[in-house]
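As provided, data29.txt (compact mmCIF, C-alpha atoms) reads as follows.
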# COMPACT_ATOMS: atom_id res chain seq x y z
CA MET U 4 39.63 -143.38 5.57
CA PRO U 5 37.44 -145.81 3.55
CA GLU U 6 36.11 -144.47 0.24
CA ASP U 7 32.49 -144.57 1.44
CA ASP U 8 33.42 -142.45 4.45
CA ILE U 9 35.22 -139.94 2.23
CA VAL U 10 32.15 -139.59 0.01
CA ALA U 11 29.91 -139.20 3.07
CA ALA U 12 32.20 -136.50 4.49
CA GLU U 13 32.12 -134.58 1.21
CA ARG U 14 28.33 -134.56 1.32
CA MET U 15 28.25 -133.17 4.84
CA GLY U 16 27.87 -129.49 5.45
CA MET U 17 30.38 -127.23 7.15
CA VAL U 18 30.15 -125.15 10.31
CA SER U 19 31.38 -121.55 10.14
CA PHE U 20 32.06 -119.71 13.38
CA ILE U 21 31.40 -116.12 12.36
CA GLY U 22 32.46 -113.06 14.32
CA ALA U 23 29.43 -110.79 14.37
CA GLY U 24 31.38 -107.81 15.60
CA PRO U 25 30.13 -105.72 18.51
CA GLY U 26 26.56 -105.24 17.30
CA ASP U 27 26.46 -103.06 14.19
CA PRO U 28 25.26 -105.25 11.27
CA GLU U 29 27.45 -103.21 8.91
CA LEU U 30 30.57 -104.34 10.79
CA LEU U 31 30.08 -107.91 9.63
CA THR U 32 32.75 -108.97 7.17
CA VAL U 33 31.64 -109.57 3.59
CA LYS U 34 32.54 -113.24 4.02
CA GLY U 35 30.59 -113.53 7.26
CA ARG U 36 27.50 -112.00 5.73
CA ARG U 37 27.71 -114.32 2.71
CA LEU U 38 28.02 -117.43 4.87
CA ILE U 39 25.03 -116.41 6.99
CA SER U 40 22.96 -115.83 3.85
CA GLU U 41 23.92 -119.27 2.48
CA ALA U 42 23.47 -121.27 5.69
CA ALA U 43 20.77 -123.87 6.28
CA LEU U 44 20.86 -123.08 10.01
CA VAL U 45 21.88 -119.90 11.82
CA LEU U 46 22.68 -120.28 15.50
CA TYR U 47 23.44 -117.08 17.40
CA ALA U 48 23.66 -115.85 20.99
CA GLY U 49 20.68 -113.50 21.14
CA SER U 50 21.74 -112.02 24.46
CA LEU U 51 24.86 -110.60 22.79
CA VAL U 52 24.17 -110.55 19.04
CA PRO U 53 21.31 -108.32 17.82
CA ALA U 54 18.79 -110.04 15.59
CA ALA U 55 19.56 -107.44 12.89
CA VAL U 56 23.01 -109.02 12.46
CA VAL U 57 21.48 -112.30 11.23
CA ALA U 58 18.62 -110.70 9.28
CA CYS U 59 20.56 -111.51 6.10
CA ALA U 60 19.76 -115.22 6.55
CA GLY U 61 17.90 -116.93 3.72
CA HIS U 62 14.11 -116.88 3.62
CA GLY U 63 12.68 -119.59 5.85
CA VAL U 64 16.05 -120.55 7.32
CA PRO U 65 15.81 -121.16 11.07
CA CYS U 66 17.64 -118.51 13.10
CA ILE U 67 17.84 -119.90 16.60
CA ASP U 68 18.89 -118.04 19.72
CA SER U 69 21.43 -120.22 21.54
CA ALA U 70 21.45 -118.13 24.74
CA PRO U 71 19.08 -120.42 26.69
CA MET U 72 20.61 -123.62 25.27
CA THR U 73 23.36 -125.91 26.55
CA LEU U 74 26.43 -126.93 24.57
CA THR U 75 24.93 -130.38 24.00
CA GLU U 76 21.68 -128.93 22.70
CA CYS U 77 23.52 -126.59 20.33
CA HIS U 78 25.69 -129.39 19.01
CA ALA U 79 22.69 -131.64 18.39
CA LEU U 80 21.12 -129.00 16.12
CA VAL U 81 24.40 -128.38 14.32
CA ARG U 82 25.06 -132.10 13.86
CA GLU U 83 21.59 -132.78 12.46
CA THR U 84 21.87 -129.96 9.92
CA VAL U 85 25.39 -130.85 8.80
CA PHE U 86 24.62 -134.56 8.42
CA GLN U 87 21.74 -133.60 6.14
CA GLY U 88 24.19 -131.69 3.94
CA GLY U 89 23.43 -128.18 5.18
CA ASP U 90 25.94 -125.53 6.23
CA VAL U 91 25.68 -123.93 9.65
CA ALA U 92 26.48 -120.34 10.59
CA ARG U 93 27.44 -120.25 14.27
CA VAL U 94 27.40 -116.51 14.94
CA HIS U 95 29.47 -115.21 17.85
CA THR U 96 29.63 -111.72 19.29
CA GLY U 97 32.85 -109.86 18.53
CA ASP U 98 35.56 -112.27 17.41
CA PRO U 99 35.14 -116.03 18.06
CA SER U 100 38.74 -116.41 19.20
CA LEU U 101 38.25 -114.12 22.21
CA PHE U 102 36.13 -115.38 25.12
CA GLY U 103 34.09 -117.28 22.53
CA ALA U 104 33.84 -120.83 23.95
CA LEU U 105 35.33 -122.00 20.66
CA ARG U 106 37.45 -124.90 21.87
CA GLU U 107 34.66 -126.97 23.40
CA GLN U 108 32.45 -126.54 20.34
CA THR U 109 35.13 -127.52 17.85
CA ALA U 110 36.12 -130.53 19.97
CA LEU U 111 32.62 -131.94 19.51
CA LEU U 112 32.70 -131.20 15.78
CA GLU U 113 36.02 -132.96 15.33
CA LYS U 114 34.80 -135.96 17.30
CA ASP U 115 31.97 -136.29 14.77
CA GLY U 116 34.22 -135.64 11.77
CA ILE U 117 32.50 -132.34 10.94
CA ARG U 118 34.45 -129.69 9.04
CA TRP U 119 34.63 -126.20 10.49
CA GLN U 120 36.22 -122.81 9.92
CA VAL U 121 36.49 -119.48 11.74
CA VAL U 122 35.65 -116.12 10.17
CA PRO U 123 37.09 -113.31 12.29
CA GLY U 124 35.08 -110.35 13.50
CA VAL U 125 35.62 -106.91 14.99
CA THR U 126 36.22 -107.28 18.71
CA ALA U 127 34.61 -104.88 21.19
CA ALA U 128 37.86 -103.24 22.29
CA CYS U 129 38.70 -102.12 18.75
CA ALA U 130 35.12 -101.04 18.09
CA ALA U 131 35.08 -99.01 21.31
CA ALA U 132 38.36 -97.31 20.46
CA ALA U 133 37.03 -96.49 17.00
CA ALA U 134 33.75 -95.13 18.37
CA ALA U 135 35.65 -92.82 20.74
CA GLY U 136 38.33 -91.93 18.19
CA VAL U 137 41.22 -92.99 20.41
CA SER U 138 44.40 -94.99 19.89
CA PHE U 139 45.78 -97.80 22.03
CA SER U 140 49.31 -96.93 21.00
CA VAL U 141 51.06 -93.63 21.70
CA PRO U 142 54.70 -93.41 20.54
CA GLU U 143 57.22 -93.57 23.40
CA ILE U 144 54.44 -93.97 26.00
CA THR U 145 52.64 -97.24 25.29
CA GLN U 146 53.05 -99.61 22.37
CA SER U 147 51.20 -102.64 23.69
CA LEU U 148 47.60 -103.67 24.36
CA ILE U 149 46.60 -106.26 26.95
CA ILE U 150 43.15 -107.85 26.61
CA THR U 151 41.89 -109.53 29.75
CA ARG U 152 38.99 -109.83 32.18
CA GLN U 153 38.41 -109.42 35.91
CA GLU U 154 38.07 -112.63 37.86
CA GLY U 155 34.46 -113.64 38.51
CA ARG U 156 32.86 -117.07 38.41
CA THR U 157 35.58 -118.00 35.95
CA PRO U 158 38.87 -117.94 37.89
CA MET U 159 41.99 -116.29 36.49
CA PRO U 160 45.49 -117.78 36.53
CA GLU U 161 47.49 -116.12 39.31
CA ARG U 162 50.08 -114.85 36.80
CA GLU U 163 47.29 -113.05 34.90
CA ARG U 164 45.79 -111.07 37.73
CA ILE U 165 44.95 -107.56 36.56
CA ALA U 166 47.18 -105.94 39.15
CA LEU U 167 50.16 -107.75 37.63
CA LEU U 168 49.18 -107.07 34.02
CA ALA U 169 48.42 -103.41 34.71
CA SER U 170 51.83 -102.92 36.31
CA HIS U 171 53.33 -102.90 32.80
CA GLY U 172 51.78 -99.48 32.18
CA THR U 173 50.33 -100.46 28.79
CA SER U 174 46.85 -99.92 27.41
CA VAL U 175 44.45 -102.51 28.82
CA ALA U 176 41.04 -103.65 27.56
CA VAL U 177 38.96 -105.40 30.19
CA TYR U 178 36.02 -107.54 29.08
CA LEU U 179 33.16 -109.21 30.97
CA SER U 180 33.76 -107.26 34.15
CA GLY U 181 30.99 -104.70 34.58
CA LYS U 182 29.64 -106.46 37.65
CA HIS U 183 33.11 -106.47 39.19
CA ALA U 184 34.01 -102.81 38.67
CA ALA U 185 34.96 -102.22 42.30
CA ALA U 186 37.36 -105.18 42.28
CA LEU U 187 38.74 -104.04 38.92
CA GLN U 188 39.37 -100.55 40.23
CA ALA U 189 41.16 -101.93 43.30
CA GLU U 190 43.38 -104.18 41.18
CA LEU U 191 44.32 -101.39 38.80
CA LEU U 192 45.32 -99.14 41.67
CA SER U 193 47.26 -101.91 43.42
CA GLY U 194 49.07 -102.53 40.13
CA GLY U 195 50.42 -99.00 40.22
CA VAL U 196 48.09 -97.42 37.66
CA ALA U 197 47.81 -93.70 38.38
CA PRO U 198 44.38 -92.77 39.84
CA GLU U 199 43.89 -90.08 37.17
CA THR U 200 44.47 -92.50 34.28
CA PRO U 201 41.64 -92.15 31.71
CA VAL U 202 39.19 -95.02 31.34
CA LEU U 203 36.63 -95.36 28.57
CA CYS U 204 33.54 -97.31 29.61
CA ALA U 205 31.83 -98.53 26.44
CA ARG U 206 28.49 -100.31 26.69
CA GLN U 207 26.77 -102.11 23.80
CA VAL U 208 29.17 -100.73 21.21
CA GLY U 209 27.57 -100.68 17.79
CA TRP U 210 24.01 -101.07 19.12
CA PRO U 211 21.45 -98.23 18.88
CA SER U 212 21.75 -98.04 22.68
CA GLN U 213 25.55 -97.56 22.59
CA ALA U 214 26.96 -95.55 25.49
CA LEU U 215 30.48 -94.15 25.81
CA VAL U 216 31.41 -92.63 29.16
CA TRP U 217 34.81 -91.31 30.18
CA THR U 218 36.04 -91.61 33.73
CA THR U 219 39.29 -92.23 35.60
CA VAL U 220 40.61 -95.26 37.44
CA GLU U 221 39.86 -93.74 40.84
CA LYS U 222 36.22 -93.05 39.83
CA LEU U 223 35.60 -96.21 37.79
CA SER U 224 33.33 -98.05 40.22
CA ALA U 225 31.17 -94.98 40.88
CA CYS U 226 30.88 -94.31 37.14
CA VAL U 227 29.74 -97.85 36.40
CA GLU U 228 27.11 -97.69 39.12
CA ALA U 229 25.86 -94.24 38.09
CA ASN U 230 25.51 -95.25 34.43
CA ALA U 231 24.27 -98.84 34.97
CA MET U 232 27.11 -100.28 32.91
CA THR U 233 27.15 -103.73 34.48
CA ARG U 234 26.50 -105.72 31.28
CA GLN U 235 27.95 -105.75 27.75
CA THR U 236 30.58 -103.21 28.74
CA VAL U 237 34.26 -103.11 27.85
CA PHE U 238 36.68 -100.92 29.79
CA LEU U 239 39.65 -99.32 28.04
CA ILE U 240 42.39 -98.20 30.41
CA LEU U 241 44.42 -95.72 28.39
CA PRO U 242 47.55 -94.35 30.09
CA GLY U 243 48.60 -92.58 26.89
CA GLU U 244 45.34 -90.72 26.38
CA ALA U 245 46.12 -87.90 28.81
CA ARG U 246 49.71 -87.50 27.65
CA ARG U 247 50.87 -85.78 24.51
CA GLY U 248 53.44 -88.35 23.47
CA THR U 249 55.67 -88.12 20.42
CA PRO U 250 54.27 -87.92 16.87
CA SER U 251 54.68 -91.04 14.78
CA ARG U 252 57.82 -91.07 12.67
CA LEU U 253 56.10 -92.79 9.77
CA TYR U 254 55.23 -89.60 7.89
CA ALA U 255 58.04 -87.37 9.21
CA PRO U 256 60.04 -85.76 6.34
CA SER U 257 63.30 -86.92 7.95
CA PHE U 258 62.21 -90.57 8.19
CA SER U 259 63.24 -93.00 5.45
CA HIS U 260 61.53 -96.28 4.68
CA ALA U 261 61.04 -98.64 1.76
CA CYS U 262 58.55 -96.34 0.03
CA ARG U 263 60.06 -92.92 0.67
CA GLN U 264 63.49 -91.31 0.97
CA ALA U 265 64.11 -88.83 3.78
CA ALA U 266 64.23 -85.20 2.66
CA ASN U 267 67.74 -84.69 4.01
CA GLU U 268 69.21 -87.83 2.39
CA ALA U 269 71.06 -87.84 -0.91
CA PRO U 270 69.37 -89.86 -3.66
CA LYS U 271 70.57 -93.48 -3.92
Written as C-alpha cells, how would this file's structure read?
Amino acid sequence: MPEDDIVAAERMGMVSFIGAGPGDPELLTVKGRRLISEAALVLYAGSLVPAAVVACAGHGVPCIDSAPMTLTECHALVRETVFQGGDVARVHTGDPSLFGALREQTALLEKDGIRWQVVPGVTAACAAAAAAGVSFSVPEITQSLIITRQEGRTPMPERERIALLASHGTSVAVYLSGKHAAALQAELLSGGVAPETPVLCARQVGWPSQALVWTTVEKLSACVEANAMTRQTVFLILPGEARRGTPSRLYAPSFSHACRQAANEAPK
C-alpha cells in the first residue's frame, strides 16, 4: 500500500459492531458502552434495540434508527462518518454473530478499506435462561444446546430442519419464529420430542415489557396465540427441565481435579 494511502487509512475512523444484549441497558458490556459513548455516529435497529441502550452516546451525536433503512443507506452514513475520521457504533440486538446480518455489512466495509471490529453481546437465549433461572445443561440428560430458527421467508438448509435437529434430544433455542409457532410445534413433534417437554416462551427479554411463559411442546402454538408472542420471542425447548438428572460432579467430595483432591484419596 502506498504511504499516502497508509496515512489516509490511519486517519479514518473504525466501525464497531456492538452486541446490545436483549434489551436491558445494564447488560451492555463495559467495552460496548465505552465505544458507544465515544462514537461520532450511533446506528441502531430501533425495532429491536431500546433507545435506552444507546442513551450513553455523546451529547449531540446522531443516534439513527436503521430499522427503516436499506443496507446501502446504512453503509453510506457509516462511510461518510469514517472517512471524516469519526468512529461508528453499529449497535445490534443480542450478539452480532447470531442472525445479525454481519457478513454483508463487513463485506462493504472491506471493499472500502474501512477497519471494523465486533464486540460480543448477551444473546437472547442466555438472557431468557437467566431470567427464568434455568440451565441448558443437565448432567447425563442433555449436554448440548442447538440455536436455530423455524423456516419462514428465509429458507433453511434441508439438513438443518428443526425436526432433524430436535431428534438429538438436546436443549434447543429457537429464534425469529413467533409467527411460525404452529409449524415449529409440528416439527418438534415429528422430530420425536415428547409432547410434555417444557418450553419457555420469552418475549422482549430485558425490556420493561418482558414476558416469560411456560408451556409444553404440545401446547406451544396455543400458548403463543393466547399470549400474543409473535414478535421478539425466543423459545427454549428444555428436555432436561422436567427431569431430575444427576448432580454435577464438580463440587462432589469424591471428585478430584486440578484445584482439589478427593476426600477419599491419599495426599500426593
In Å, rounded to a single decimal, give me how far atom CA of Val175 of chain U is from atom CA of Gly195 of chain U.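 One can read the atom CA of Gly195 of chain U to atom CA of Val175 of chain U distance as 13.3 Å.
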Just want the 7 Å neighbourhood of Ile240 of chain U, counted on all atoms listed in the file, with same-chain residues fewer than 3 positions away dropped. Output as a list in words.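 The residues satisfying every condition are Ser174, Val175, Ala176, Pro201, Val202 and Leu203 of chain U.
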Using only C-alpha atoms, which residues sit within 9 Å of Gln235 of chain U once same-chain residues fewer than 5 positions away are excluded, as a ChimeraX atom specification? /U:51,178-181,205-208
Shell around segment 109-115 of chain U at 12 Å using only C-alpha atoms, local window under 6 positions removed, as an MDAnalysis selection string: chainID U and resid 12 15:20 74:83 85:86 91 93 99:100 103 121
Give me the residues near Glu29 of chain U as number ranges by chain, where near means some atom within 10 Å (using only C-alpha atoms) and where sequence neighbours in that chain fewer than 5 positions away do not count. U: 23-24, 36, 55-56, 209
Write the residues of the selection above to a file with C-alpha atoms, as a CSV table (one decimal), keeping the file's coordinate frame.
chain,number,residue,atom,x,y,z
U,23,ALA,CA,29.4,-110.8,14.4
U,24,GLY,CA,31.4,-107.8,15.6
U,36,ARG,CA,27.5,-112.0,5.7
U,55,ALA,CA,19.6,-107.4,12.9
U,56,VAL,CA,23.0,-109.0,12.5
U,209,GLY,CA,27.6,-100.7,17.8
Using only C-alpha atoms, pick whichever of U:Ala92, U:Ala245, U:Ala134, U:Pro160 has the shortest atom-to-atom distance to Lys34 of chain U.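 Nearest to Lys34 of chain U: U:Ala92.
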Expressed in Å to a single decimal, how great is the separation between atom CA of Val45 of chain U and atom CA of Ala131 of chain U?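 Pair atom CA of Val45 of chain U / atom CA of Ala131 of chain U returns 26.5 Å.
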Report, as AutoDock Vina command-line options, the centre and edge lengths in Å (one decimal) of the axis-aligned box enclosing every listed atom of segment 189-202 of chain U, padded by 3 Å on each side.
--center_x 44.8 --center_y -97.1 --center_z 37.4 --size_x 17.2 --size_y 20.1 --size_z 18.1
Just want the 6 Å neighbourhood of Asp98 of chain U, counted on all atoms listed in the file, with same-chain residues fewer than 6 positions away dropped. Output as an mmCIF file with C-alpha atoms, keeping the file's coordinate frame.
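So the final result, stored in result_36.cif, reads:
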data_model
loop_
_atom_site.group_PDB
_atom_site.id
_atom_site.type_symbol
_atom_site.label_atom_id
_atom_site.label_comp_id
_atom_site.auth_asym_id
_atom_site.auth_seq_id
_atom_site.Cartn_x
_atom_site.Cartn_y
_atom_site.Cartn_z
ATOM 1 C CA GLY U 22 32.460 -113.060 14.320
ATOM 2 C CA PRO U 123 37.090 -113.310 12.290
ATOM 3 C CA GLY U 124 35.080 -110.350 13.500
ATOM 4 C CA VAL U 125 35.620 -106.910 14.990
ATOM 5 C CA THR U 126 36.220 -107.280 18.710
#
Expressed in Å to a single decimal, how great is the separation between atom CA of Leu105 of chain U and atom CA of Val122 of chain U?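 Taking atom CA of Leu105 of chain U as the start and atom CA of Val122 of chain U as the end point, the length is 12.0 Å.
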Nearest residue to Arg118 of chain U out of U:His183, U:Gly89, U:Gln146, U:Gly172, using all atoms listed in the file? U:Gly89
Return the single residue from U:Val94, U:Ile150, U:Ala42, U:Leu187 that is closest to Gly61 of chain U, with distances computed using all atoms listed in the file. U:Ala42
Tell me which of U:Ala104, U:Ala133, U:Ser50, U:Val64 sits closest to Leu30 of chain U, counting all atoms listed in the file.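 Looking at the shortest contact to Leu30 of chain U, the residue is U:Ala133.
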Residue nearest Thr73 of chain U among U:Ala54, U:Ile39, U:Ala169, U:Gln108 (counting all atoms listed in the file): U:Gln108
Nearest to Val137 of chain U by atom-to-atom distance, counting only C-alpha atoms, from U:Ala197, U:Leu241, U:Ala166, U:Ala43: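 Among U:Ala197, U:Leu241, U:Ala166, U:Ala43, it is U:Leu241 that comes nearest to Val137 of chain U.
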